[in-house]
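Contents: one structure, followed by commentary.
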Amino acid sequence: MKHNILPDDDGGGRRIIGLSFGAFAIFFLLLSRLWYLQVVNADDLINQSENNRLRFVPVAAPRGAILDRNGKVLVSNTPSFSVAVIPQDVKDKEQLIDNLARYLNLDRNEIETKWNKGQGRAKYYPLVVASGITRDQMEFLEENRLSLSGVNIEMKPIRAYANGTLASHLLGYLGEVNEEELTSEKYQEYNAGDYIGKSGIERAWESYLHGTDGGRQIEVDARGRFLRTVAETGSSVGNTVVLTVDLNLQKAAEEAMGDMAGAVVAMDVNTGEILAFSSNPDYDPALFTGRMPPDVWKKYLEDERHPLENKALKGMYPPGSTFKIITAIAGLEEGLIDQNTTVECNGSYKFGNATFRCWEHKGHGTVNLKRSLRESCDVFYYKLAERLGVNRIAAYAKRFGLGTPMGIGLENEKGGIIPTDEWKLKRFGKKWFAGETLPVGIGQGYVLTTPIQLASMIATVANEGKIYRPQLVKRVVDADGKVLKEFSPQVAGTTGLKPETYRLVKDGLFAVVNEPRGTGGMARLWEVKVAGKTGSSQVVRDSKAGMAYKYRDHALFVAFAPYEKPEIAVAVVVEHGEHGGSAAAPVTGKVLRAYFEGKGVIKKPVPKVKPLQDGEAVAEPDGAEAAPAPVPPAPAGSDR
Amino acid sequence: MFDRRLFTNFDWTLLAVVLLITAFGVINIYSASSSYRDIGTPYYLKQLYWIFAGLTLCLTVCSLDYHMLEDFAYWLYGAVLVLLVLVLVAGKTTMGATRWINLGFFNMQPSEPMKIVIIMTFARFFSRYPIFKGLTLKDLVYPLLILGMPALLIMKQPDLGTAVLVTLIGGSMLLFVGVRWSALATLFAAAVPIVYGAWNFGLHDYQKKRIYNFLNPDLDPLGSGYHIIQSKIAVGSGATFGKGFMQGTQSQLRFLPEQHTDFAFSVFAEEWGFAGCLLMLTLYLFLVLWGLGIAKRCNDRFGSLLAVGVSAMLFWHIVINMGMVIGLLPVVGVPLPFFSYGGTSMVTSMVGVGILLNISMRRFMF
């Protein structure tokens with residue numbers, strides 16, 4: 001049914017007239033207000049628009065600090081002076097750029113590029129054309145203010161790295177937010193020109209570290225000169241991020257690596273907290289915030305040791321003989337070997353028509369499990385791997401978390417590869433050959449792992465089965481000291497192995513470091529019992545001594561200590577370091593020494609202050625340096 | 001088969017006025033955004049695309065008989081209401097407000113179609129409701145429920161501007177249908193504790209701040225007071241004949257925030273002065289009165305109610321936006337129909353005009 005009449009009979013027509021009058025009246029009110037503003041009050045408002053201009057000057061918030069586990073400063077802020085130009089107040093752009101380039105001794109084009117980048121922003125909005133100027137330059141500008149109308153000197157906080165290049169890969173660096181980031185949801189509150197964390201902790205914890213920008217409302221006259229501050233909202237400093245890393249241990253790790261390229265990861269065996277996390281060579285993060293000199297940038301890019309790459313996070317290396325731990329565990333768990341199983345090693349193993357060589361060309365003779373680990377006999381593991389098959393080895397490797405990212409909480413963590421026949425079929429479309437299993441047994445072939453995974457693996461062996469998620473941040477604290485977030489250890493999984501398996505493997509690992517012919521003697525400490533495993537992984541087939549740097553083998557070492565009640569696990573990779581025993585084991589030894597010195601378990605050697613006089617008694621210093629080695633470490637080249 | 005009368009009865013006047021306003025809008029956006037950074041398609045060009053899309057939709061809407069809307073009204077109401085609930089549960093949060101649902105290819109803001117859907121729903125409801133001497137309090141129970149649910153959901157997002165608009169559109173239609181004085185008085189009496197409660201529990205701090213700042217802009221010249229002060233200076237300094245096209249110092253120097261969207265009219269007022277504003281106000285008044293005229297001439301109650309609703313929607317947008325720009329009303333993000341930059345507003349307004357055209361050209365069909 002349709003009503004062909006307006007509501008309330010004829011009342012609708014009248015109501016429409018009523019509504020029309022109402023609309024007319026309200027429009028008249030709007031018009032009256034416009035009349036008041038634009039005609040009655042016009043002179044006053046024209047005056048305001050001409051003379052009293054309000055401007056908004058943004059004030060950048062200082063970023064939060066990054067501290068080590070003991071509260072020692074790793075990254076904080078320091079004031080920096082920069083030159084900003086307010087385009088609207090500049091009379092002659094070309095001349096001003098000339099002057100600035102001359103006074104600041106900068107490239108003219110560089111200033112012009114920065115100027116052009118700010119085109120399209122409000123003309124009263126300060127545009128930074130040079131940052132990080134010196135006090136002298138600043139004073140010089142102040143003296144020449146008359147010829148520099150429109151130029152302002154701004155103070156803003158920039159990052160200060162308390163220990164220079166230390167832990168640069170872990171901490172990360174800052175950079176200007178780019179166009180792409182600005183359009184993403186994560187950075188929608190940011191403005192062009194803002195600095196954000198580009199890598200490492202700075203990037204992962206950006207939302208906590210970045211404070212809230214403030215600003216000043218200032219009044220300026222018709223020529224843009226400052227008259228007064230109308231209002232101000234303070235900027236608030238970002239939150240402090242407290243890491244699990246120990247500054248002293250980090251230092252020790254980086255010093256121990258010296259000029260060698262590679263990575264060191266030290267982890268608390270019972271919590272998963274990362275105690276040291278270094279990648280060598282490092283870079284200077286301060287250069288990214290300021291003006292990166294082109295020659296330095298070029299040097300970084302061309303360095304064949306790749307200083308910009310975080311090797312602890314993204315470096316994927318064949319684990320070499322450190323992987324024998326996994327093969328041994330698989331053999332024990334599957335009942336294929338026990339502590340009495342022996343294998344004859346005569347220097348090589350013939351499989352089909354291929355010959356797989358042991359690093360010890362003359363052979364190890366009769367080898368049992370302990371000896372196979374201690375002397376890193378390859379033939380023992382070739383034969384074991386053959387019996388296990390690649391899938392069973394992979395299953396045990398995966399139980400230890402190898403082959404997938406550990407979830408350390410930094411961007412782009414790599415997972416590595418643990419091959420299976422299925423994996424090969426998917427990756428290459430080809431089936432697995434039995435002969436390919438043998439190199440897998442000694443951590444070669446397709447196997448790739450990251451230093452974090454190796455540290456986690458040896459920590460899991462040490463604590464007998466708990467896989468902790470590697471933890472980098474202990475807590476986040478706000479400016480008032482209130483704890484915003486606190487992190488506790490997270491068990492990511494358990495291996496579920498027999499205690500006997502751990503006992504036998506650990507026994508072998510102890511022998512590696514502490515028994516004659518053990519390959520890891522150079523990681524030994526006198527005061528604390530260390531257990532570990534050496535590894536060397538081939539970069540090319542048939543590596544020979546004296547090869548070009550990039551073809552030499554990688555050297556690896558994984559260890560934990562104290563043997564009886566493990567606290568710390570360390571994984572060291574020295575790229576192209578050739579032999580785990582001679583290149584990586586000493587680094588591990590130094591890191592462990594620093595750890596136990598920090599705990600007071602090992603006394604630090606007393607430095608000699610004055611030179612010895614004739615006839616004066618010579619005091620024996622403490623520490624391993626002075627102690628005679630009871631067993632000679634295995635000769636170089638024998639540390640597979 | 002197409003009825004030739006539809007073409008001969010097409011409301012060219014209405015379309016001409018709308019096109020005139022959109023033309024002024026594009027010119028104004030060109031000026032307002034001329035000082036912006038040159039990245040991607042310029043705003044005025046994007047606005048032209050939106051106008052084209054809006055017109056297409058407008059003509060589509062007017063080509064189908066509006067009586068079809070009567071059948072769909074409740075279904076649409078239910079669907080949009082569900083979307084509004086979905087927004088709160090699984091919406092996309094931007095700048096502290098949750099107003100959008102991610103539909104994969106674009107983000108939809110369900111509060112926008114609700115403006116049109118509430119008009120259709122009320123029109124359908126009252127077109128079949130026997131009323132003799134105005135609505136009593138009892139008669140108001142269902143209408144207030146229909147209106148209250150979406151309004152509260154939109155307020156919760158929070159989107160105060162749209163919530164107020166939906167309420168005002170519904171309210172205007174109720175007044176048109178007729179409410180008894182006794183019921184009106186009771187409602188006002190009940191409104192006092194509701195407003196009190198809303199102020200204390202419903203409004204966010206920043207929304208309260210806007211109202212405080214509206215009452216005294218100098219309280220926070222840096223924050224929300226800033227818009228009001230700068231906008232008043234821009235409008236006032238335009239004086240009688242304005243500073244001229246692209247000559248507005250306040251806008252060209254970008255003292256004004258959001259000058260191409262919600263504050264587009266203050267750019268216009270600065271550059272064209274009181275004379276320009278008078279012309280714009282006349283065009284808008286003509287538009288609203290013409291819409292009401294269509295309601296009056298319409299031969300059926302549903303169409304009449306629809307036309308009143310659409311006119312009310314346009315009217316309140318105009319009044320709230322202009323009132324905000326000239327410092328008569330607090331700053332709530334309400335765009336000026338056909339004039340402010342923005343696709344959503346353009347599409348909704350054009351659909352509204354499509355409905356008006358539809359009713360206008362079918363008034364001879366009975």
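Naming works like this for the structure tokens: A, B, ... for the chains as they're shown, residue 1 at the start of each chain, ligands 1 onward in shown order.
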Quick one: everything within 8 Å of Ile118 (chain B), counting only C-alpha atoms, minus sequence neighbours fewer than 6 positions away in the same chain. Send it as a PyMOL selection string.
chain B and resi 77+147+166+170
In region 398-582 of chain A, DSSP helix (DSSP H, G or I) residues written as an MDAnalysis selection string
chainID A and resid 398:399 421:428 434:441 451:462 499:514 521:523 549:551 580:582
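You can rank A:Glu486, A:Glu232, A:Glu202, A:Asp92 by their closest distance to chain B using only C-alpha atoms, and at the top of that list sits A:Glu232.
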Compile the contact shell of Met68 (chain B) as a PyMOL selection string: residues with an atom at most 12 Å away, counting only C-alpha atoms, same-chain residues fewer than 6 positions apart removed.
chain B and resi 61-62+74+120+124+302-303+355+358-359
Selected residues, N, CA, C and O atoms, written as a PDB file, in the first residue's frame, please.
ATOM      1  N   VAL B  61      22.259   5.946  -9.924  1.00  0.00           N
ATOM      2  CA  VAL B  61      21.236   5.957  -8.875  1.00  0.00           C
ATOM      3  C   VAL B  61      19.927   6.533  -9.417  1.00  0.00           C
ATOM      4  O   VAL B  61      18.850   6.016  -9.142  1.00  0.00           O
ATOM      5  N   CYS B  62      20.009   7.599 -10.229  1.00  0.00           N
ATOM      6  CA  CYS B  62      18.754   8.225 -10.644  1.00  0.00           C
ATOM      7  C   CYS B  62      18.092   7.474 -11.799  1.00  0.00           C
ATOM      8  O   CYS B  62      16.936   7.730 -12.128  1.00  0.00           O
ATOM      9  N   TYR B  74      15.679  -1.790   4.871  1.00  0.00           N
ATOM     10  CA  TYR B  74      16.005  -2.464   6.144  1.00  0.00           C
ATOM     11  C   TYR B  74      17.204  -3.395   6.000  1.00  0.00           C
ATOM     12  O   TYR B  74      18.030  -3.516   6.906  1.00  0.00           O
ATOM     13  N   MET B 120      17.144   6.342   4.130  1.00  0.00           N
ATOM     14  CA  MET B 120      16.253   5.352   3.511  1.00  0.00           C
ATOM     15  C   MET B 120      15.431   4.614   4.555  1.00  0.00           C
ATOM     16  O   MET B 120      14.231   4.349   4.376  1.00  0.00           O
ATOM     17  N   ARG B 124      11.419   4.683   4.848  1.00  0.00           N
ATOM     18  CA  ARG B 124      10.627   3.458   4.772  1.00  0.00           C
ATOM     19  C   ARG B 124       9.739   3.296   6.011  1.00  0.00           C
ATOM     20  O   ARG B 124       8.572   2.986   5.930  1.00  0.00           O
ATOM     21  N   PHE B 302       7.077   8.232   0.760  1.00  0.00           N
ATOM     22  CA  PHE B 302       8.436   7.702   0.820  1.00  0.00           C
ATOM     23  C   PHE B 302       9.415   8.654   0.123  1.00  0.00           C
ATOM     24  O   PHE B 302      10.445   9.037   0.671  1.00  0.00           O
ATOM     25  N   GLY B 303       9.050   9.067  -1.084  1.00  0.00           N
ATOM     26  CA  GLY B 303       9.928   9.955  -1.842  1.00  0.00           C
ATOM     27  C   GLY B 303      10.101  11.289  -1.146  1.00  0.00           C
ATOM     28  O   GLY B 303      11.201  11.846  -1.088  1.00  0.00           O
ATOM     29  N   ILE B 355      19.681  10.617  -5.727  1.00  0.00           N
ATOM     30  CA  ILE B 355      18.348  10.308  -5.166  1.00  0.00           C
ATOM     31  C   ILE B 355      17.384  11.482  -5.412  1.00  0.00           C
ATOM     32  O   ILE B 355      16.239  11.279  -5.826  1.00  0.00           O
ATOM     33  N   ASN B 358      16.388  11.567  -8.987  1.00  0.00           N
ATOM     34  CA  ASN B 358      15.516  10.420  -9.186  1.00  0.00           C
ATOM     35  C   ASN B 358      14.060  10.773  -8.817  1.00  0.00           C
ATOM     36  O   ASN B 358      13.130  10.553  -9.584  1.00  0.00           O
ATOM     37  N   ILE B 359      13.905  11.362  -7.623  1.00  0.00           N
ATOM     38  CA  ILE B 359      12.553  11.696  -7.146  1.00  0.00           C
ATOM     39  C   ILE B 359      11.970  12.805  -8.014  1.00  0.00           C
ATOM     40  O   ILE B 359      10.808  12.749  -8.426  1.00  0.00           O
TER      41      ILE B 359
END
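Every protein or nucleic acid residue with an atom no more than 9 Å from Leu305 (chain B), counting only C-alpha atoms and leaving out same-chain residues fewer than 4 positions away, appears here: Leu6 and Pro7 of chain A; Ile119, Met120, Phe122, Ala123, Arg124, Phe126, Ser127, Met173, Phe176, Val177, Ala295, Asp300, Arg301, Gly309 and Val310 of chain B.
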Residues just named, written with all heavy atoms as a tab-separated table (two decimals), in the first residue's frame:
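again_15.tsv was written with the following content:
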chain	number	residue	atom	x	y	z
A	6	LEU	N	1.37	13.54	1.92
A	6	LEU	CA	2.46	13.89	2.81
A	6	LEU	C	2.05	13.57	4.24
A	6	LEU	O	0.86	13.38	4.51
A	6	LEU	CB	2.77	15.37	2.67
A	6	LEU	CG	3.39	15.71	1.30
A	6	LEU	CD1	3.45	17.21	1.12
A	6	LEU	CD2	4.78	15.09	1.22
A	7	PRO	N	3.01	13.49	5.15
A	7	PRO	CA	2.66	13.16	6.54
A	7	PRO	C	1.64	14.14	7.09
A	7	PRO	O	1.63	15.32	6.69
A	7	PRO	CB	3.98	13.27	7.29
A	7	PRO	CG	5.04	13.49	6.29
A	7	PRO	CD	4.41	13.72	4.97
B	119	ILE	N	18.69	7.59	6.12
B	119	ILE	CA	17.63	8.34	5.42
B	119	ILE	C	16.61	7.36	4.83
B	119	ILE	O	15.39	7.51	5.02
B	119	ILE	CB	18.23	9.21	4.30
B	119	ILE	CG1	19.11	10.31	4.90
B	119	ILE	CG2	17.12	9.83	3.43
B	119	ILE	CD1	19.94	11.06	3.88
B	120	MET	N	17.14	6.34	4.13
B	120	MET	CA	16.25	5.35	3.51
B	120	MET	C	15.43	4.61	4.55
B	120	MET	O	14.23	4.35	4.38
B	120	MET	CB	17.08	4.33	2.71
B	120	MET	CG	17.69	4.93	1.45
B	120	MET	SD	19.02	3.92	0.80
B	120	MET	CE	18.24	2.35	0.72
B	122	PHE	N	14.55	5.52	7.68
B	122	PHE	CA	13.50	6.37	8.26
B	122	PHE	C	12.37	6.60	7.26
B	122	PHE	O	11.20	6.58	7.62
B	122	PHE	CB	14.11	7.70	8.71
B	122	PHE	CG	14.47	7.72	10.17
B	122	PHE	CD1	14.75	6.53	10.85
B	122	PHE	CD2	14.53	8.91	10.89
B	122	PHE	CE1	15.08	6.55	12.20
B	122	PHE	CE2	14.85	8.93	12.24
B	122	PHE	CZ	15.11	7.75	12.89
B	123	ALA	N	12.76	6.81	6.00
B	123	ALA	CA	11.74	7.06	4.98
B	123	ALA	C	10.81	5.86	4.87
B	123	ALA	O	9.58	5.99	4.83
B	123	ALA	CB	12.40	7.36	3.64
B	124	ARG	N	11.42	4.68	4.85
B	124	ARG	CA	10.63	3.46	4.77
B	124	ARG	C	9.74	3.30	6.01
B	124	ARG	O	8.57	2.99	5.93
B	124	ARG	CB	11.59	2.28	4.62
B	124	ARG	CG	11.08	0.94	5.11
B	124	ARG	CD	10.41	0.16	4.00
B	124	ARG	NE	9.56	-0.87	4.51
B	124	ARG	CZ	9.74	-2.16	4.32
B	124	ARG	NH1	10.76	-2.56	3.58
B	124	ARG	NH2	8.90	-3.03	4.81
B	126	PHE	N	8.62	5.56	8.22
B	126	PHE	CA	7.52	6.51	8.40
B	126	PHE	C	6.54	6.53	7.23
B	126	PHE	O	5.43	7.01	7.37
B	126	PHE	CB	8.07	7.91	8.66
B	126	PHE	CG	8.67	8.03	10.03
B	126	PHE	CD1	10.03	8.27	10.19
B	126	PHE	CD2	7.87	7.89	11.16
B	126	PHE	CE1	10.57	8.38	11.45
B	126	PHE	CE2	8.43	7.99	12.43
B	126	PHE	CZ	9.79	8.23	12.58
B	127	SER	N	6.98	5.99	6.07
B	127	SER	CA	6.06	6.01	4.94
B	127	SER	C	4.88	5.07	5.21
B	127	SER	O	3.84	5.19	4.59
B	127	SER	CB	6.78	5.60	3.66
B	127	SER	OG	7.18	4.26	3.76
B	173	MET	N	14.56	14.56	10.05
B	173	MET	CA	13.45	13.81	9.45
B	173	MET	C	12.32	13.62	10.44
B	173	MET	O	11.14	13.67	10.07
B	173	MET	CB	13.96	12.46	8.92
B	173	MET	CG	14.85	12.63	7.70
B	173	MET	SD	15.49	11.08	7.07
B	173	MET	CE	14.05	10.41	6.23
B	176	PHE	N	10.34	16.66	10.58
B	176	PHE	CA	9.49	16.76	9.39
B	176	PHE	C	8.23	15.91	9.54
B	176	PHE	O	7.12	16.34	9.21
B	176	PHE	CB	10.28	16.36	8.16
B	176	PHE	CG	9.45	16.28	6.92
B	176	PHE	CD1	8.86	17.42	6.40
B	176	PHE	CD2	9.24	15.07	6.28
B	176	PHE	CE1	8.08	17.36	5.26
B	176	PHE	CE2	8.47	14.99	5.14
B	176	PHE	CZ	7.88	16.15	4.63
B	177	VAL	N	8.40	14.71	10.06
B	177	VAL	CA	7.25	13.83	10.27
B	177	VAL	C	6.32	14.45	11.30
B	177	VAL	O	5.10	14.35	11.19
B	177	VAL	CB	7.73	12.43	10.73
B	177	VAL	CG1	6.56	11.58	11.14
B	177	VAL	CG2	8.53	11.76	9.64
B	295	ALA	N	10.87	17.60	-2.31
B	295	ALA	CA	10.08	16.87	-1.30
B	295	ALA	C	8.63	17.34	-1.34
B	295	ALA	O	7.71	16.54	-1.24
B	295	ALA	CB	10.68	17.09	0.08
B	300	ASP	N	4.49	10.96	-3.34
B	300	ASP	CA	4.35	9.89	-2.35
B	300	ASP	C	5.21	10.16	-1.13
B	300	ASP	O	6.19	10.88	-1.18
B	300	ASP	CB	4.68	8.52	-2.97
B	300	ASP	CG	6.14	8.36	-3.22
B	300	ASP	OD1	6.73	9.28	-3.83
B	300	ASP	OD2	6.71	7.35	-2.80
B	301	ARG	N	4.79	9.58	-0.05
B	301	ARG	CA	5.37	9.90	1.23
B	301	ARG	C	6.81	9.42	1.32
B	301	ARG	O	7.67	10.12	1.87
B	301	ARG	CB	4.52	9.23	2.33
B	301	ARG	CG	4.70	9.86	3.66
B	301	ARG	CD	3.43	9.62	4.44
B	301	ARG	NE	3.72	9.32	5.82
B	301	ARG	CZ	2.80	8.85	6.68
B	301	ARG	NH1	1.58	8.60	6.25
B	301	ARG	NH2	3.12	8.64	7.92
B	309	GLY	N	15.37	13.99	3.79
B	309	GLY	CA	16.58	13.43	4.42
B	309	GLY	C	17.84	13.85	3.69
B	309	GLY	O	18.81	14.29	4.32
B	310	VAL	N	17.84	13.74	2.37
B	310	VAL	CA	19.03	14.11	1.60
B	310	VAL	C	19.31	15.61	1.76
B	310	VAL	O	20.46	16.03	1.95
B	310	VAL	CB	18.86	13.73	0.11
B	310	VAL	CG1	20.00	14.29	-0.72
B	310	VAL	CG2	18.79	12.22	-0.05
Just the residues within 9 Å of Gly445 (chain A), please, counting only C-alpha atoms, with nothing from its chain fewer than 4 positions along; format it as a list in words.
Pro318, Pro419, Glu436, Thr437, Leu438, Pro439, Val440 and Gly441 of chain A
DSSP-assigned strand (DSSP E or B) members of region 434-493 of chain A, reported as JSON, numbers by chain
{"A": [448, 449, 466, 467, 468, 471, 473, 474, 475, 476, 477, 483, 484, 485, 486, 491, 492, 493]}
Given the selection you just returned, output its residues as a file containing all heavy atoms, formatted as a compact mmCIF listing (two decimals), in the first residue's frame.
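part01.txt written:
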# COMPACT_ATOMS: atom_id res chain seq x y z
N LEU A 448 74.17 -25.77 6.21
CA LEU A 448 74.54 -24.40 6.54
C LEU A 448 73.88 -24.02 7.86
O LEU A 448 72.69 -24.27 8.05
CB LEU A 448 74.08 -23.42 5.45
CG LEU A 448 74.80 -23.45 4.09
CD1 LEU A 448 74.14 -22.49 3.13
CD2 LEU A 448 76.28 -23.10 4.26
N THR A 449 74.66 -23.40 8.74
CA THR A 449 74.10 -22.95 10.02
C THR A 449 74.61 -21.54 10.30
O THR A 449 75.57 -21.09 9.71
CB THR A 449 74.53 -23.86 11.18
OG1 THR A 449 75.96 -23.91 11.18
CG2 THR A 449 73.98 -25.25 11.06
N LYS A 466 67.53 -28.35 26.99
CA LYS A 466 66.61 -27.20 26.90
C LYS A 466 67.10 -26.25 25.82
O LYS A 466 68.23 -25.77 25.86
CB LYS A 466 66.56 -26.46 28.23
CG LYS A 466 65.53 -27.02 29.17
CD LYS A 466 65.36 -26.10 30.34
CE LYS A 466 64.50 -26.77 31.40
NZ LYS A 466 64.71 -26.14 32.71
N ILE A 467 66.20 -25.95 24.86
CA ILE A 467 66.55 -24.97 23.84
C ILE A 467 65.90 -23.65 24.23
O ILE A 467 64.68 -23.53 24.23
CB ILE A 467 66.04 -25.39 22.45
CG1 ILE A 467 66.56 -26.78 22.10
CG2 ILE A 467 66.46 -24.38 21.39
CD1 ILE A 467 65.82 -27.43 20.96
N TYR A 468 66.72 -22.69 24.63
CA TYR A 468 66.19 -21.38 24.98
C TYR A 468 66.13 -20.49 23.75
O TYR A 468 67.00 -20.56 22.89
CB TYR A 468 67.07 -20.70 26.03
CG TYR A 468 66.93 -21.30 27.40
CD1 TYR A 468 67.84 -22.24 27.87
CD2 TYR A 468 65.86 -20.93 28.22
CE1 TYR A 468 67.71 -22.80 29.13
CE2 TYR A 468 65.72 -21.49 29.47
CZ TYR A 468 66.64 -22.42 29.93
OH TYR A 468 66.49 -22.97 31.17
N GLN A 471 67.90 -14.45 23.76
CA GLN A 471 67.27 -13.23 24.25
C GLN A 471 68.28 -12.09 24.25
O GLN A 471 69.39 -12.25 24.77
CB GLN A 471 66.74 -13.49 25.66
CG GLN A 471 65.96 -12.36 26.25
CD GLN A 471 65.68 -12.60 27.72
OE1 GLN A 471 65.66 -13.74 28.19
NE2 GLN A 471 65.49 -11.53 28.46
N VAL A 473 67.19 -8.60 24.85
CA VAL A 473 66.75 -7.46 25.65
C VAL A 473 66.25 -7.96 27.00
O VAL A 473 65.45 -8.88 27.08
CB VAL A 473 65.64 -6.67 24.91
CG1 VAL A 473 65.08 -5.58 25.79
CG2 VAL A 473 66.18 -6.10 23.62
N LYS A 474 66.79 -7.34 28.06
CA LYS A 474 66.38 -7.72 29.41
C LYS A 474 65.12 -6.97 29.80
O LYS A 474 64.17 -7.54 30.27
CB LYS A 474 67.50 -7.37 30.41
CG LYS A 474 68.34 -8.55 30.85
CD LYS A 474 69.35 -8.11 31.89
CE LYS A 474 69.16 -8.87 33.19
NZ LYS A 474 69.33 -10.31 33.06
N ARG A 475 65.15 -5.65 29.59
CA ARG A 475 63.95 -4.86 29.93
C ARG A 475 63.95 -3.52 29.23
O ARG A 475 64.97 -3.09 28.70
CB ARG A 475 63.87 -4.65 31.45
CG ARG A 475 64.93 -3.78 32.06
CD ARG A 475 64.82 -3.75 33.58
NE ARG A 475 65.55 -4.86 34.17
CZ ARG A 475 66.83 -4.78 34.53
NH1 ARG A 475 67.52 -3.68 34.34
NH2 ARG A 475 67.45 -5.81 35.06
N VAL A 476 62.77 -2.90 29.23
CA VAL A 476 62.63 -1.55 28.69
C VAL A 476 62.16 -0.66 29.84
O VAL A 476 61.23 -1.02 30.56
CB VAL A 476 61.59 -1.51 27.54
CG1 VAL A 476 61.47 -0.10 26.99
CG2 VAL A 476 61.97 -2.49 26.45
N VAL A 477 62.85 0.46 30.01
CA VAL A 477 62.57 1.33 31.14
C VAL A 477 62.23 2.72 30.60
O VAL A 477 62.87 3.20 29.66
CB VAL A 477 63.83 1.44 32.03
CG1 VAL A 477 63.57 2.27 33.27
CG2 VAL A 477 64.32 0.05 32.42
N VAL A 483 59.72 0.34 34.90
CA VAL A 483 59.95 -0.77 33.97
C VAL A 483 58.69 -0.99 33.13
O VAL A 483 57.61 -1.26 33.66
CB VAL A 483 60.30 -2.06 34.74
CG1 VAL A 483 60.44 -3.23 33.78
CG2 VAL A 483 61.59 -1.86 35.52
N LEU A 484 58.82 -0.85 31.82
CA LEU A 484 57.66 -1.00 30.93
C LEU A 484 57.51 -2.44 30.48
O LEU A 484 56.40 -2.93 30.28
CB LEU A 484 57.81 -0.11 29.70
CG LEU A 484 57.92 1.38 29.95
CD1 LEU A 484 58.11 2.12 28.63
CD2 LEU A 484 56.66 1.90 30.64
N LYS A 485 58.64 -3.09 30.29
CA LYS A 485 58.63 -4.47 29.83
C LYS A 485 59.78 -5.19 30.48
O LYS A 485 60.87 -4.64 30.58
CB LYS A 485 58.81 -4.53 28.31
CG LYS A 485 57.54 -4.61 27.53
CD LYS A 485 57.85 -4.63 26.06
CE LYS A 485 56.57 -4.62 25.27
NZ LYS A 485 56.06 -5.89 24.87
N GLU A 486 59.55 -6.41 30.90
CA GLU A 486 60.62 -7.21 31.49
C GLU A 486 60.54 -8.58 30.82
O GLU A 486 59.45 -9.12 30.66
CB GLU A 486 60.39 -7.31 33.00
CG GLU A 486 61.41 -8.14 33.73
CD GLU A 486 62.43 -7.28 34.48
OE1 GLU A 486 62.00 -6.43 35.28
OE2 GLU A 486 63.63 -7.46 34.24
N VAL A 491 61.70 -21.04 27.00
CA VAL A 491 62.14 -22.32 26.47
C VAL A 491 61.40 -22.57 25.16
O VAL A 491 60.18 -22.66 25.14
CB VAL A 491 61.86 -23.46 27.47
CG1 VAL A 491 62.30 -24.79 26.90
CG2 VAL A 491 62.58 -23.19 28.79
N ALA A 492 62.16 -22.66 24.07
CA ALA A 492 61.53 -22.83 22.77
C ALA A 492 61.25 -24.30 22.48
O ALA A 492 60.46 -24.63 21.64
CB ALA A 492 62.41 -22.24 21.68
N GLY A 493 61.94 -25.16 23.21
CA GLY A 493 61.72 -26.59 22.99
C GLY A 493 62.70 -27.42 23.78
O GLY A 493 63.61 -26.88 24.41
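For the set B:Tyr196, B:Val117, B:Tyr43, B:Val17, the residue with the smallest atom-to-atom gap to Ala79 (chain B) is B:Val117, counting only C-alpha atoms.
Compared by their closest atoms to Met246 (chain B), and using only C-alpha atoms, the residues B:Tyr341, B:Tyr206, B:Trp272, B:Phe364 rank with B:Trp272 nearest.
Closest approach to chain A among B:Thr60, B:Ser340, B:Asn299, B:Gln157: B:Asn299, based on only C-alpha atoms.
Note that the spacing between CA of Ser207 (chain A) and CA of Ser279 (chain A) amounts to 25.1 Å.
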Skipping near chain neighbours, those fewer than 6 positions away, what residues fall within 7 Å of Leu74 (chain A) using only C-alpha atoms, listed as a PyMOL selection string?
chain A and resi 66-68+161-163
Could you write out the selected residues, including C-alpha atoms, as a short mmCIF file (atom, residue, chain, number, x, y, z; two decimals), in the first residue's frame?
data_model
loop_
_atom_site.label_atom_id
_atom_site.label_comp_id
_atom_site.auth_asym_id
_atom_site.auth_seq_id
_atom_site.Cartn_x
_atom_site.Cartn_y
_atom_site.Cartn_z
CA ILE A 66 70.78 1.51 25.08
CA LEU A 67 72.53 -0.04 28.08
CA ASP A 68 74.36 -3.29 28.74
CA TYR A 161 78.39 5.70 20.77
CA ALA A 162 80.19 5.34 24.09
CA ASN A 163 82.47 2.60 22.83
#
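Here CA of Asn248 (chain A) stands at a distance of 10.6 Å from CA of Leu166 (chain A).
When the distance limit is 10 Å and only C-alpha atoms are what count, the residues near Ala531 (chain A), minus those fewer than 4 positions from it on the same chain, are Ile458, Ala462, Lys506, Asp507, Gly508, Leu509, Phe510, Ala511, Val512, Val513, Asn514, Gly520, Gly521, Ala523, Arg524, Val558, Ala559, Phe560, Ala561, Pro562, Tyr563, Glu564, Pro566 and Ala569 of chain A.
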